[in-house]
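What's in target.cif: mmCIF, C-alpha atoms
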data_model
loop_
_atom_site.label_atom_id
_atom_site.label_comp_id
_atom_site.auth_asym_id
_atom_site.auth_seq_id
_atom_site.Cartn_x
_atom_site.Cartn_y
_atom_site.Cartn_z
CA MET A 1 136.06 108.12 119.80
CA LEU A 2 139.35 107.30 118.24
CA LEU A 3 141.26 109.87 116.32
CA ARG A 4 144.25 108.53 114.54
CA GLN A 5 144.17 110.25 111.21
CA ALA A 6 144.85 113.74 112.53
CA ILE A 7 148.46 113.09 113.46
CA LYS A 8 150.59 112.06 110.53
CA PRO A 9 154.25 111.24 110.05
CA LEU A 10 156.28 114.05 108.59
CA GLY A 11 159.43 112.55 107.19
CA GLU A 12 161.44 109.92 109.01
CA SER A 13 161.58 111.19 112.52
CA ILE A 14 158.66 113.52 113.03
CA LEU A 15 155.01 112.86 113.78
CA ALA A 16 152.92 116.01 113.63
CA GLY A 17 149.36 117.20 113.40
CA VAL A 18 146.76 119.60 114.61
CA LEU A 19 144.56 118.81 117.60
CA ASN A 20 141.19 120.44 117.93
CA PHE A 21 138.97 119.28 120.71
CA GLY A 22 135.81 120.71 119.18
CA ASN A 23 133.24 121.19 121.91
CA GLU A 24 134.48 118.27 123.98
CA VAL A 25 134.87 120.02 127.27
CA GLY A 26 136.35 118.15 130.20
CA LEU A 27 139.03 115.53 130.47
CA THR A 28 140.57 114.26 127.28
CA GLU A 29 142.92 111.34 127.12
CA TRP A 30 145.40 110.48 124.45
CA GLU A 31 148.26 108.09 124.07
CA ILE A 32 151.48 107.64 122.22
CA ARG A 33 151.86 104.00 121.30
CA SER A 34 154.59 101.91 119.82
CA SER A 35 153.68 98.53 118.33
CA GLY A 36 150.44 98.43 120.25
CA GLN A 37 151.93 99.29 123.62
CA ALA A 38 151.21 102.56 125.30
CA LEU A 39 154.37 104.55 125.94
CA LEU A 40 152.83 107.76 127.21
CA ARG A 41 149.33 108.46 128.33
CA VAL A 42 148.26 112.06 128.74
CA GLU A 43 145.07 113.20 130.37
CA MET A 44 144.32 116.87 130.10
CA GLU A 45 141.50 119.21 130.86
CA ILE A 46 139.78 121.14 128.10
CA PHE A 47 138.07 124.29 129.32
CA PRO A 48 134.93 125.77 127.85
CA SER A 49 135.44 129.14 126.23
CA LYS A 50 132.10 130.65 127.14
CA MET A 51 131.28 129.71 130.69
CA ASP A 52 132.80 128.99 134.02
CA TYR A 53 132.04 125.32 134.07
CA LYS A 54 133.22 124.34 137.53
CA LEU A 55 130.52 126.59 138.95
CA ASP A 56 128.07 126.74 136.09
CA TYR A 57 128.09 123.04 135.31
CA GLN A 58 126.73 122.17 138.74
CA ASN A 59 124.01 124.79 138.30
CA ILE A 60 123.10 123.43 134.89
CA LEU A 61 123.00 119.94 136.33
CA ASN A 62 120.68 121.04 139.12
CA GLU A 63 118.43 122.82 136.68
CA VAL A 64 118.21 119.83 134.37
CA ASN A 65 117.49 117.60 137.35
CA GLU A 66 114.53 119.75 138.34
CA GLN A 67 113.17 119.46 134.83
CA ILE A 68 113.66 115.70 134.90
CA TYR A 69 111.37 115.38 137.94
CA ASN A 70 108.77 117.40 136.07
CA LEU A 71 109.11 115.09 133.10
CA ALA A 72 108.66 112.04 135.30
CA PHE A 73 105.55 113.51 136.91
CA ASP A 74 104.29 114.49 133.50
CA PHE A 75 104.82 110.97 132.26
CA CYS A 76 103.00 109.47 135.26
CA ALA A 77 100.13 111.91 134.98
CA LYS A 78 99.32 111.36 131.33
CA PRO A 79 97.73 107.87 131.34
CA THR A 80 95.21 108.84 134.03
CA ASN A 81 93.93 111.79 132.04
CA MET B 82 110.23 167.60 121.45
CA ASP B 83 107.20 166.88 123.62
CA ALA B 84 109.24 165.30 126.33
CA TYR B 85 111.35 168.42 126.69
CA ASP B 86 108.70 170.71 128.17
CA ALA B 87 107.53 168.31 130.81
CA ASN B 88 110.99 167.21 131.89
CA LYS B 89 113.04 170.25 131.10
CA GLU B 90 115.31 170.06 134.13
CA LEU B 91 116.15 166.41 133.75
CA VAL B 92 116.79 166.73 130.02
CA VAL B 93 119.06 169.73 130.51
CA ARG B 94 120.92 167.99 133.32
CA THR B 95 121.40 164.82 131.32
CA THR B 96 122.45 166.70 128.20
CA GLU B 97 125.00 168.69 130.15
CA ARG B 98 126.56 165.53 131.47
CA LEU B 99 126.59 164.05 128.00
CA VAL B 100 128.25 167.15 126.58
CA LYS B 101 131.04 166.74 129.13
CA ILE B 102 131.39 163.06 128.33
CA ASN B 103 131.28 163.74 124.62
CA ALA B 104 134.27 166.03 124.93
CA LEU B 105 136.21 163.11 126.40
CA LEU B 106 135.01 160.71 123.73
CA GLU B 107 136.12 162.94 120.88
CA ASP B 108 139.72 161.95 121.59
CA VAL B 109 139.02 158.44 120.39
CA LEU B 110 136.36 159.42 117.84
CA ALA B 111 133.68 157.66 119.86
CA HIS B 112 131.52 160.72 120.55
CA VAL B 113 127.78 160.47 120.19
CA GLY B 114 125.21 162.46 118.29
CA PHE B 115 121.69 163.64 118.94
CA ARG B 116 120.13 160.23 118.47
CA VAL B 117 122.02 158.74 121.39
CA ARG B 118 121.36 161.90 123.40
CA ASP B 119 117.64 161.50 122.76
CA ALA B 120 117.71 157.82 123.61
CA ILE B 121 119.48 158.49 126.88
CA CYS B 122 117.15 161.37 127.74
CA PHE B 123 114.09 159.20 127.15
CA TYR B 124 115.61 156.46 129.29
CA MET B 125 116.18 158.98 132.07
CA ILE B 126 112.65 160.36 131.71
CA TYR B 127 110.99 156.94 131.85
CA ASN B 128 113.21 156.00 134.77
CA GLU B 129 112.05 159.07 136.65
CA ARG B 130 108.40 158.69 135.67
CA TYR B 131 108.16 155.12 136.90
CA LYS B 132 110.62 155.64 139.77
CA LEU B 133 112.74 152.66 138.76
CA MET B 134 116.21 153.67 139.84
CA SER B 135 117.96 156.70 141.18
CA GLU B 136 119.06 159.17 138.53
CA GLU B 137 122.71 158.29 139.19
CA GLU B 138 122.12 154.63 138.78
CA ALA B 139 120.11 155.08 135.60
CA PHE B 140 122.83 157.24 134.12
CA ASP B 141 125.44 154.64 135.05
CA TRP B 142 123.44 152.06 133.16
CA GLN B 143 123.24 154.30 130.15
CA LEU B 144 126.98 154.87 130.29
CA LEU B 145 127.42 151.14 130.34
CA GLN B 146 124.95 150.41 127.58
CA LYS B 147 125.41 153.31 125.20
CA ILE B 148 128.85 154.75 125.80
CA LEU B 149 131.20 151.99 126.95
CA PRO B 150 130.57 149.68 123.97
CA ARG B 151 131.84 152.44 121.69
CA ILE B 152 135.23 152.49 123.32
CA GLN B 153 137.64 149.84 122.26
CA GLY B 154 141.27 149.39 121.48
CA SER B 155 144.54 148.94 123.25
CA HIS B 156 146.02 152.38 122.69
CA SER B 157 146.91 154.49 125.69
CA SER B 158 144.46 157.15 124.51
CA VAL B 159 141.72 154.59 125.08
CA ARG B 160 142.89 154.07 128.61
CA ARG B 161 142.97 157.81 129.19
CA VAL B 162 139.41 158.10 127.97
CA LEU B 163 138.29 155.19 130.16
CA LEU B 164 139.88 156.70 133.22
CA ASN B 165 138.49 160.14 132.37
CA LEU B 166 135.05 158.62 131.98
CA MET B 167 135.35 156.90 135.30
CA LYS B 168 136.48 160.11 136.91
CA GLU B 169 133.41 161.79 135.46
CA ALA B 170 131.16 158.94 136.59
CA LEU B 171 132.60 159.12 140.08
CA SER B 172 132.63 162.89 140.30
CA THR B 173 129.17 163.10 141.78
CA ARG B 174 130.09 160.68 144.51
CA SER B 175 131.84 161.59 147.65
CA GLY B 176 135.38 160.90 148.67
CA VAL B 177 136.66 159.23 145.56
CA THR B 178 139.71 160.49 143.77
CA VAL B 179 141.15 159.06 140.65
CA ASP B 180 144.88 159.40 140.86
CA PHE B 181 145.54 159.95 137.21
CA PRO B 182 149.27 159.70 136.57
CA ALA B 183 149.50 156.56 138.69
CA PHE B 184 146.54 154.82 137.12
CA MET B 185 147.74 155.63 133.61
CA ASP B 186 150.64 153.30 134.30
CA ASP B 187 148.79 150.69 136.25
CA ALA B 188 145.19 150.70 137.30
CA THR B 189 145.60 147.49 139.27
CA PRO B 190 144.95 149.07 142.71
CA LEU B 191 141.71 150.48 141.38
CA TYR B 192 140.16 147.26 140.27
CA MET B 193 141.78 145.07 142.87
CA ARG B 194 139.86 147.14 145.37
CA TRP B 195 136.70 146.54 143.40
CA ALA B 196 137.39 142.87 143.06
CA ALA B 197 137.79 142.65 146.81
CA GLY B 198 134.35 144.20 147.17
CA GLN B 199 135.56 147.49 148.53
CA THR B 200 133.85 149.72 146.11
CA PRO B 201 134.13 153.42 145.74
CA LEU B 202 130.68 153.30 144.17
CA ARG B 203 127.50 152.54 145.97
CA PRO B 204 127.22 148.79 146.33
CA ASN B 205 124.01 148.46 144.37
CA ILE B 206 125.69 149.46 141.14
CA HIS B 207 127.35 146.12 141.11
CA LYS B 208 127.03 145.30 137.48
CA VAL B 209 128.23 148.64 136.22
CA ARG B 210 131.20 148.41 138.49
CA VAL B 211 132.07 144.93 137.30
CA ASN B 212 131.98 146.10 133.74
CA TRP B 213 134.31 148.99 134.43
CA LEU B 214 136.55 146.43 135.96
CA LEU B 215 136.46 144.31 132.86
CA CYS B 216 137.19 147.27 130.65
CA LEU B 217 140.24 148.32 132.59
CA GLY B 218 141.27 144.79 133.41
CA GLY B 219 141.09 143.78 129.78
CA TRP B 220 142.99 146.86 128.88
CA ARG B 221 145.77 146.06 131.28
CA LYS B 222 146.10 142.59 129.90
CA MET B 223 146.34 143.83 126.37
CA ASP B 224 148.94 146.38 127.24
CA SER B 225 151.04 144.25 129.56
CA PRO B 226 154.66 143.58 128.60
CA HIS B 227 153.42 140.53 126.75
CA THR B 228 151.53 142.66 124.25
CA GLY B 229 150.89 140.78 121.09
CA SER B 230 151.88 137.50 122.61
CA LEU B 231 148.30 136.82 123.67
CA ASN B 232 147.59 135.73 120.16
CA GLN B 233 150.89 134.05 119.58
CA ALA B 234 151.28 130.32 119.76
CA VAL B 235 153.67 129.19 122.44
CA GLU B 236 154.78 125.84 123.73
CA LEU B 237 152.20 124.54 126.19
CA LEU B 238 153.54 121.11 127.01
CA ARG B 239 156.88 119.46 126.41
CA VAL B 240 157.68 115.86 127.28
CA GLU B 241 161.27 114.91 126.80
CA THR B 242 161.92 111.18 126.88
CA GLU B 243 164.68 108.87 125.72
CA LEU B 244 162.57 107.66 122.79
CA PHE B 245 161.05 110.95 121.63
CA THR B 246 160.35 114.55 122.45
CA LEU B 247 156.76 115.66 122.37
CA PHE B 248 155.69 119.28 121.92
CA LEU B 249 152.20 120.66 122.17
CA GLN B 250 151.92 124.22 120.92
CA GLY B 251 149.11 126.72 120.66
CA ARG B 252 147.63 129.91 122.00
CA PRO B 253 147.69 129.80 125.77
CA TYR B 254 144.71 132.15 126.07
CA HIS B 255 141.26 132.25 124.62
CA PRO B 256 139.99 135.72 123.68
CA THR B 257 136.47 135.16 125.06
CA VAL B 258 137.82 133.65 128.25
CA GLU B 259 140.03 136.70 128.73
CA THR B 260 137.21 139.14 128.05
CA LEU B 261 134.81 137.42 130.41
CA GLN B 262 137.57 136.59 132.89
CA LEU B 263 136.40 133.00 133.08
CA HIS B 264 137.96 130.22 135.11
CA ARG B 265 139.11 132.60 137.79
CA SER B 266 138.32 132.40 141.47
CA SER B 267 136.69 135.34 143.21
CA SER B 268 140.14 136.76 143.90
CA GLN B 269 141.02 136.71 140.21
CA GLU B 270 143.31 133.70 140.57
CA TRP B 271 143.22 131.06 137.85
CA VAL B 272 141.40 127.90 138.83
CA ASN B 273 143.40 124.68 138.74
CA ALA B 274 143.34 122.50 135.69
CA GLN B 275 143.97 118.79 135.72
CA LEU B 276 146.86 117.18 133.97
CA GLY B 277 147.89 113.58 134.21
CA LEU B 278 150.81 111.85 132.53
CA VAL B 279 151.56 108.16 132.76
CA CYS B 280 154.90 107.15 131.34
CA SER B 281 155.92 103.65 130.42
CA GLU B 282 159.25 102.42 131.78
CA ARG B 283 160.48 102.11 128.23
CA LEU B 284 160.64 105.87 127.98
CA GLY B 285 163.55 106.05 130.39
CA LYS B 286 164.23 109.39 131.99
CA VAL B 287 161.35 111.78 131.41
CA GLN B 288 161.34 115.53 131.80
CA ILE B 289 158.05 117.40 131.65
CA LYS B 290 157.52 121.14 131.26
CA VAL B 291 154.22 123.00 131.10
CA PHE B 292 153.27 126.57 130.25
CA SER B 293 152.56 128.89 133.13
CA PRO B 294 150.74 132.19 132.50
CA GLU B 295 152.35 133.53 135.67
CA VAL B 296 155.85 133.50 134.27
CA HIS B 297 154.62 133.43 130.69
CA GLY B 298 156.91 130.54 129.93
CA MET B 299 157.62 126.91 130.55
CA VAL B 300 158.09 125.57 134.06
CA ASP B 301 159.04 122.11 135.32
CA TRP B 302 156.13 119.89 136.21
CA GLN B 303 155.84 116.78 138.36
CA PRO B 304 152.89 114.38 138.26
CA GLY B 305 150.29 115.42 140.78
CA GLU B 306 150.96 119.12 140.53
CA SER B 307 148.19 121.37 139.33
CA VAL B 308 148.41 123.45 136.17
CA PHE B 309 146.73 126.57 134.86
CA PRO B 310 143.95 126.22 132.32
CA CYS B 311 145.45 126.61 128.88
CA PHE B 312 143.54 124.21 126.65
CA TYR B 313 140.20 125.39 125.34
CA GLU B 314 137.43 123.95 123.23
CA THR B 315 137.39 124.70 119.49
CA GLN B 316 140.91 126.11 119.62
CA SER B 317 143.54 124.26 117.61
CA TYR B 318 146.81 122.97 119.00
CA GLU B 319 149.76 121.61 117.18
CA LEU B 320 151.26 118.35 118.31
CA VAL B 321 154.78 117.49 117.22
CA ILE B 322 156.58 114.32 118.17
CA GLN B 323 160.23 114.15 117.32
CA LYS B 324 161.49 110.59 117.36
CA LYS B 325 164.92 109.72 118.67
CA THR B 326 164.83 106.12 117.47
CA ALA B 327 163.45 104.33 114.44
CA ALA B 328 160.55 102.89 116.45
CA ASN B 329 157.16 103.29 114.88
CA LEU B 330 154.99 105.60 116.98
CA SER B 331 151.30 106.26 116.70
CA PHE B 332 148.98 108.76 118.29
CA ILE B 333 145.62 107.73 119.65
CA MET B 334 142.99 110.03 121.08
CA LYS B 335 140.89 107.98 123.43
CA MET B 336 137.84 109.89 124.48
CA CYS B 337 136.55 113.02 125.97
CA CYS B 338 134.47 112.66 129.05
CA PHE B 339 132.72 115.53 130.72
CA GLY B 340 131.10 113.55 133.50
CA ARG B 341 134.32 112.40 135.07
CA GLN B 342 135.45 115.94 135.52
CA LEU B 343 133.35 116.54 138.57
CA SER B 344 133.71 113.21 140.33
CA PRO B 345 135.96 113.48 143.36
#
Transcribe the structure of this file into C-alpha cells.
Amino acid sequence: MLLRQAIKPLGESILAGVLNFGNEVGLTEWEIRSSGQALLRVEMEIFPSKMDYKLDYQNILNEVNEQIYNLAFDFCAKPTN
Amino acid sequence: MDAYDANKELVVRTTERLVKINALLEDVLAHVGFRVRDAICFYMIYNERYKLMSEEEAFDWQLLQKILPRIQGSHSSVRRVLLNLMKEALSTRSGVTVDFPAFMDDATPLYMRWAAGQTPLRPNIHKVRVNWLLCLGGWRKMDSPHTGSLNQAVELLRVETELFTLFLQGRPYHPTVETLQLHRSSSQEWVNAQLGLVCSERLGKVQIKVFSPEVHGMVDWQPGESVFPCFYETQSYELVIQKKTAANLSFIMKMCCFGRQLSP
C-alpha cells in the first residue's frame, strides 16, 4: 500500500499532511525520499485502541488455529459422507 | 408487591442500603428512583432464592451495574461521591478504613494496593474491585496536573536533520485505551512500543526526540531505545516537514504489517 497523496507541499519549504492509520495495527513503515533515494526511514508501532494486542493477539491466533484444524477435518470428512 | 411479603427482610435491608447510597448520589444528581430500587431488590431476591452469590457479592454487582455507570465526570464532587460509595461498600467488611482527606488528594495508595493484588475486599469480588480501580484510576488521570492536555495534540516525534526538520503531532492518548487501561503490564507500567529510524548519510547530524507520557514532554531518543505507545489506530496525526534546502522531498507510506509484530 502506497500512500503519497496524503502529504502535500505547503508553500516552498513545507510538506504537510494528516496521517491516519485506519485499522492497520502493528508496524508501519514510511519514508522521506529525495529524487528517488530514501533519506529517512521510520518504522513505528500502531496500537489497537480496543484490545491489549500483545496478549490478546496470541490468544486470538490460538483460537483461530483451533478452528482451522476443525475446518481441515471437516473438509476431509465431507467426501466420505 | 408480591415479592415483598415473602422476602420482607431482604427487601427492607436492601432498600435501607440504597437509601443511604441515594443520599450520597444526590450530590451529583445521580440518585435513583423506585424502578432501580425494584430492579435491585428483585436481583437480590433471585440471588437468594437460587443461592447464586452471597448477599454482599450480589449487592456489589448491583452497585457496579446499576449505580456506578450513573456517576461520571471529572469534578471533585464526583470523586467525593466515589470515595463515599466505596466507604459504604466497604463498611460491612472488617478492618478497612478509607482515609478520606488523604484520598481526596490522591487515591493512588488505594488502587496501587488493589493492583498489587492486596485487596481490602474479599478476593472473589475481583471484577467489582477492578472496576472501582478503573473509576478512581480514570478519575486521577483526568484530574492530574495535565488536565485538559489529554485531548490536546502535542509533538510526538521530532527529527531534526541538516536537510529538514520533521514533526509528527497528535494526541498522545486514546480515550478508550485510557478507560480500559490497555497496553499496560500487570503493574500498570506502559508496555514498550517499537520505533525504528534509519537515516541516510546525506542527512548529516540527526537529533531525534520522542514524546514520553512520564514527563509529558519530549525526550531525546537513540536508535534501539524503547518508546511508550503513543500511536493508535483510527486516530489522526499531523506530519509536517520543514525543508532547509530546495531539494524536492516526498513522503511514502510503505505498508502496515501486523504479522511481523510478533516475530522475535
Contacts between chain A and chain B, please, where a residue of chain B counts if it comes within 7 Å (with all atoms listed in the file); show its shortest atom pair and distance in Å to one decimal, rows by chain and ascending number, as CSV.
residue,atom,partner,partner_atom,distance
B:His255,CA,A:Ser49,CA,6.8
B:Thr257,CA,A:Ser49,CA,6.2
B:Val258,CA,A:Ser49,CA,5.5
B:Leu263,CA,A:Asp52,CA,5.5
B:His264,CA,A:Asp52,CA,5.4
B:Ala274,CA,A:Glu45,CA,6.1
B:Gln275,CA,A:Glu45,CA,5.5
B:Leu276,CA,A:Met44,CA,4.6
B:Gly277,CA,A:Glu43,CA,4.8
B:Leu278,CA,A:Val42,CA,4.6
B:Val279,CA,A:Arg41,CA,5.0
B:Cys280,CA,A:Leu40,CA,4.7
B:Ser281,CA,A:Leu39,CA,4.8
B:Arg283,CA,A:Leu39,CA,7.0
B:Leu284,CA,A:Leu39,CA,6.7
B:Pro310,CA,A:Phe47,CA,6.9
B:Phe312,CA,A:Ile46,CA,5.1
B:Tyr313,CA,A:Phe47,CA,4.6
B:Glu314,CA,A:Asn23,CA,5.2
B:Thr315,CA,A:Gly22,CA,4.3
B:Gln316,CA,A:Asn20,CA,5.9
B:Ser317,CA,A:Asn20,CA,4.5
B:Tyr318,CA,A:Leu19,CA,4.9
B:Glu319,CA,A:Val18,CA,4.4
B:Leu320,CA,A:Gly17,CA,5.4
B:Val321,CA,A:Ala16,CA,4.3
B:Ile322,CA,A:Leu15,CA,4.9
B:Gln323,CA,A:Ile14,CA,4.6
B:Lys324,CA,A:Ser13,CA,4.9
B:Ala328,CA,A:Ser34,CA,6.9
B:Asn329,CA,A:Ser34,CA,5.7
B:Leu330,CA,A:Ser34,CA,4.7
B:Ser331,CA,A:Arg33,CA,5.2
B:Phe332,CA,A:Ile32,CA,4.8
B:Ile333,CA,A:Glu31,CA,5.2
B:Met334,CA,A:Trp30,CA,4.2
B:Lys335,CA,A:Trp30,CA,5.3
B:Met336,CA,A:Met1,CA,5.3
B:Cys337,CA,A:Thr28,CA,4.4
B:Cys338,CA,A:Leu27,CA,5.6
B:Phe339,CA,A:Gly26,CA,4.5
B:Gln342,CA,A:Gly26,CA,5.8
Next on the checklist: Using the chain letters and numbers from this file, what does the PyMOL selection byres ((chain B and resi 84-89) around 12) select? Give the answer as a list in words.
Outcome noted: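 Selection result, ordered by chain and number: Met82, Asp83, Glu90, Leu91, Val92, Val93, Arg94, Thr95, Thr96, Asp119, Ala120, Cys122, Phe123, Tyr124, Met125, Ile126, Tyr127, Asn128, Glu129 and Arg130 of chain B.
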Next on the checklist: Between atom CA of B:Phe115 and atom CA of B:Ala139, what distance in Å does the model show, to one decimal?
Outcome noted: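 Atom CA of B:Ala139 lies 18.8 Å from atom CA of B:Phe115.
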Checklist outcome for this item: What separates atom CA of B:Thr242 and atom CA of B:Lys325 is a distance of 8.9 Å
Given the point (132.9, 165.0, 129.7) in the coordinates of this file, which residues lie within 9 Å, counting all atoms listed in the file, and how would they look as a short mmCIF file (atom, residue, chain, number, x, y, z; two decimals) with C-alpha atoms, in the coordinates of the input?
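Saved to out-v3.cif:
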data_model
loop_
_atom_site.label_atom_id
_atom_site.label_comp_id
_atom_site.auth_asym_id
_atom_site.auth_seq_id
_atom_site.Cartn_x
_atom_site.Cartn_y
_atom_site.Cartn_z
CA GLU B 97 125.00 168.69 130.15
CA ARG B 98 126.56 165.53 131.47
CA LEU B 99 126.59 164.05 128.00
CA VAL B 100 128.25 167.15 126.58
CA LYS B 101 131.04 166.74 129.13
CA ILE B 102 131.39 163.06 128.33
CA ASN B 103 131.28 163.74 124.62
CA ALA B 104 134.27 166.03 124.93
CA LEU B 105 136.21 163.11 126.40
CA LEU B 106 135.01 160.71 123.73
CA ASN B 165 138.49 160.14 132.37
CA LEU B 166 135.05 158.62 131.98
CA GLU B 169 133.41 161.79 135.46
#
Checklist entry - In Å, how far is it from atom CA of B:Cys311 to atom CA of B:Glu241? => result 19.8 Å
